[in-house]
Amino acid sequence: MHILLANDDGIHAPGIQTLAAALRRVAQVTVIAPDRNRSGASNSLTLGRPLRVTAAGERAYTVDGTPTDCVHLGLSCLLLDDPPDLVVSGINHGANMGDDVLYSGTVAAAMEGRHLGLPAIAVSCAAHQPDHLETAAEMTLRLIAKLDHHPLPPKTVLNLNVADVPLQAIDGFAVTRLGHRHVAEGVIQDRDPRGRPIYWIGPAGAEQDAGAGTDFHALANGRASVTPLTTDLTRRESLPDLCSWLDAPDDGAASAC
Ligand code: MN
């Protein structure tokens with residue numbers, strides 16, 4: 001098996017280094033990762049300037065672009081003669097649960113892999129300064145071993161979140177849906193040393209919908225969370241109502257759901 005490994009924290013982050021070492025025990029791994037931390041990049045592509053790729057060791061490259069750029073370049077150009085079988089993104093430093101997935105470059109890199117036709121897994125450790133990255137790496141290996149026998153359906157990305165605890169403290173996998181957070185905390189205003197105003201985007205909001213069945217609940221109860229994601233954001237249950245409100249004909253979307 002050949003795995004394309006990306007992330008959004010940048011190639012030097014301990015998370016991707018730990019995961020690369022673990023994956024290399026079971027597969028050939030090509031690392032293509034941003035040259036710096038691009039957390040929060042979501043699915044952005046760099047379109048206004050060219051991208052540069054720099055070799056960074058054996059089967060490893062940095063890109064001066066986004067996580068999505070990395071996977072797009074890898075699958076559409078750099079690895080055409082040696083195509084990967086699977087895209088893995090992570091291990092992110094910090095959880096990607098609930099609404100986080102909309103902003104996450106880690107999840108976006110996996111989505112780009114899926115968009116280009118490969119099975120894909122996003123992996124996050126629920127600590128910004130993790131002490132137990134090897135736990136998330138081991139749970140990733142277990143998930144990949146299962147995929148051997150149970151291929152993912154098309155258009156599905158698996159979003160794995162693992163607590164920052166020793167492996168023996170993890171009580172297996174839980175299959176979950178995304179929870180929700182409260183809105184993000186306020187923007188932090190300050191002044192730079194020359195007196196000009198500066199603004200920091202505040203941290204993610206606290207958990208709001210974190211009941212049984214959610215990703216938040218799984219981690220709070222000692223399990224590794226696996227949420228199947230799809231990139232189709234259509235809210236299907238609103239289609240019939242919207243047809244009715246707008247007095248618009250149903251061209252098939254509403255009746256198909
Ligand atoms: Mn990140």
# chains A, B, ... in the order shown; residues from 1 in each chain; ligands from 1
>>> residues_around(residues="A:Cys125", least_positions_apart="5", cutoff="9 Å", atoms="only C-alpha atoms", output="ChimeraX atom specification")
/A:15,90-96,130,132-133,135-136,160-164
>>> residues_around(residues="A:Asp85", least_positions_apart="4", cutoff="10 Å", atoms="only C-alpha atoms", output="short mmCIF file (atom, residue, chain, number, x, y, z; two decimals) with C-alpha atoms, in the first residue's frame")
data_model
loop_
_atom_site.label_atom_id
_atom_site.label_comp_id
_atom_site.auth_asym_id
_atom_site.auth_seq_id
_atom_site.Cartn_x
_atom_site.Cartn_y
_atom_site.Cartn_z
CA MET A 1 0.00 0.00 0.00
CA HIS A 2 1.14 3.53 -0.83
CA ILE A 3 -0.16 6.30 1.46
CA LEU A 4 -0.06 10.03 0.76
CA GLY A 113 -8.03 13.10 -1.46
CA GLY A 117 -11.06 9.45 -5.89
CA LEU A 118 -9.13 7.95 -3.01
CA PRO A 119 -10.25 6.72 0.39
CA ALA A 120 -9.21 9.27 3.00
#
>>> closest_residue(among="A:Gly98, A:Asn7, A:Lys155, A:Ala126", to="A:Arg181", atoms="only C-alpha atoms")
A:Gly98
>>> atom_distance(atom1="atom CA of A:His128", atom2="atom CA of A:Ala174")
22.1 Å
>>> select_by_dssp(residues="stretch 40-253 of chain A", states="helix (DSSP H, G or I)", output="NGL selection string")
:A and (67-78 or 100-103 or 105-115 or 133-147 or 167-169 or 215-220 or 236-246)
>>> select_by_dssp(residues="stretch 44-95 of chain A", states="strand (DSSP E)", output="list of chain:residue names")
A:Val53, A:Thr54, A:Ala55, A:Ala60, A:Tyr61, A:Thr62, A:Val63, A:Leu86, A:Val87, A:Val88, A:Ser89, A:Gly90, A:Ile91, A:Asn92, A:His93
>>> residues_around(residues="A:Ile121", least_positions_apart="5", cutoff="6 Å", atoms="only C-alpha atoms", output="VMD selection string")
chain A and resid 88 110 157 to 159
>>> write_last_selection(atoms="N, CA, C and O atoms", output="JSON list (two decimals), in the first residue's frame")
[["chain", "number", "residue", "atom", "x", "y", "z"],
["A", 88, "VAL", "N", -4.02, 10.11, 4.00],
["A", 88, "VAL", "CA", -4.19, 10.30, 5.44],
["A", 88, "VAL", "C", -3.71, 11.72, 5.75],
["A", 88, "VAL", "O", -2.70, 12.18, 5.21],
["A", 110, "ALA", "N", -7.90, 15.69, 3.66],
["A", 110, "ALA", "CA", -8.53, 14.38, 3.44],
["A", 110, "ALA", "C", -9.64, 14.51, 2.39],
["A", 110, "ALA", "O", -9.78, 13.65, 1.51],
["A", 157, "VAL", "N", -15.30, 10.48, 3.79],
["A", 157, "VAL", "CA", -14.04, 10.69, 4.51],
["A", 157, "VAL", "C", -14.27, 10.26, 5.95],
["A", 157, "VAL", "O", -15.33, 10.54, 6.53],
["A", 158, "LEU", "N", -13.30, 9.58, 6.54],
["A", 158, "LEU", "CA", -13.43, 9.25, 7.95],
["A", 158, "LEU", "C", -12.67, 10.27, 8.77],
["A", 158, "LEU", "O", -11.48, 10.55, 8.51],
["A", 159, "ASN", "N", -13.34, 10.83, 9.78],
["A", 159, "ASN", "CA", -12.74, 11.85, 10.64],
["A", 159, "ASN", "C", -12.49, 11.23, 12.01],
["A", 159, "ASN", "O", -13.43, 10.98, 12.78]]
>>> closest_residue(among="A:Arg38, A:Arg223, A:Arg49, A:His180", to="ligand 1", atoms="only C-alpha atoms and all ligand atoms")
A:Arg38
>>> closest_residue(among="A:Leu79, A:Met97, A:Ile16, A:Ile188", to="A:Ala206", atoms="only C-alpha atoms")
A:Met97
>>> residues_around(residues="stretch 52-59 of chain A", least_positions_apart="4", cutoff="7 Å", atoms="only C-alpha atoms", output="PyMOL selection string")
chain A and resi 30-31+63-64
>>> atom_distance(atom1="atom CA of A:Val29", atom2="atom CA of A:Thr231")
25.5 Å
>>> closest_residue(among="A:Pro203, A:Gly74, A:Gly105, A:Pro153", to="ligand 1", atoms="only C-alpha atoms and all ligand atoms")
A:Gly105
>>> closest_residue(among="A:Tyr199, A:Tyr61, A:Tyr103, A:Phe216", to="A:Leu178", atoms="only C-alpha atoms")
A:Phe216
>>> atom_distance(atom1="atom CA of A:Ala254", atom2="atom CA of A:Leu229")
21.7 Å
>>> closest_residue(among="A:Leu23, A:Cys77, A:Val123, A:Leu86", to="ligand 1", atoms="only C-alpha atoms and all ligand atoms")
A:Val123
>>> residues_around(residues="A:His217", least_positions_apart="3", cutoff="10 Å", atoms="only C-alpha atoms", output="JSON, numbers by chain")
{"A": [174, 176, 177, 178, 179, 207, 209, 210, 211, 212, 213, 214, 220, 221, 222, 223, 225]}
>>> write_last_selection(atoms="C-alpha atoms", output="PDB file, in the first residue's frame")
ATOM      1  CA  ALA A 174     -17.138   4.933  18.762  1.00  0.00           C
ATOM      2  CA  THR A 176     -20.349   9.214  15.840  1.00  0.00           C
ATOM      3  CA  ARG A 177     -22.025  12.171  14.201  1.00  0.00           C
ATOM      4  CA  LEU A 178     -20.626  15.686  14.415  1.00  0.00           C
ATOM      5  CA  GLY A 179     -21.713  17.645  17.477  1.00  0.00           C
ATOM      6  CA  GLU A 207     -19.336  22.346  23.190  1.00  0.00           C
ATOM      7  CA  ASP A 209     -24.514  19.721  21.232  1.00  0.00           C
ATOM      8  CA  ALA A 210     -22.318  17.093  22.849  1.00  0.00           C
ATOM      9  CA  GLY A 211     -24.826  14.400  23.818  1.00  0.00           C
ATOM     10  CA  ALA A 212     -24.664  10.644  23.257  1.00  0.00           C
ATOM     11  CA  GLY A 213     -23.796   9.808  19.669  1.00  0.00           C
ATOM     12  CA  THR A 214     -21.623  12.862  19.074  1.00  0.00           C
ATOM     13  CA  ALA A 220     -15.489  12.437  26.957  1.00  0.00           C
ATOM     14  CA  ASN A 221     -16.234   8.742  27.502  1.00  0.00           C
ATOM     15  CA  GLY A 222     -12.803   7.381  26.689  1.00  0.00           C
ATOM     16  CA  ARG A 223     -13.356   6.280  23.097  1.00  0.00           C
ATOM     17  CA  SER A 225     -14.370   8.985  17.626  1.00  0.00           C
TER      18      SER A 225
END
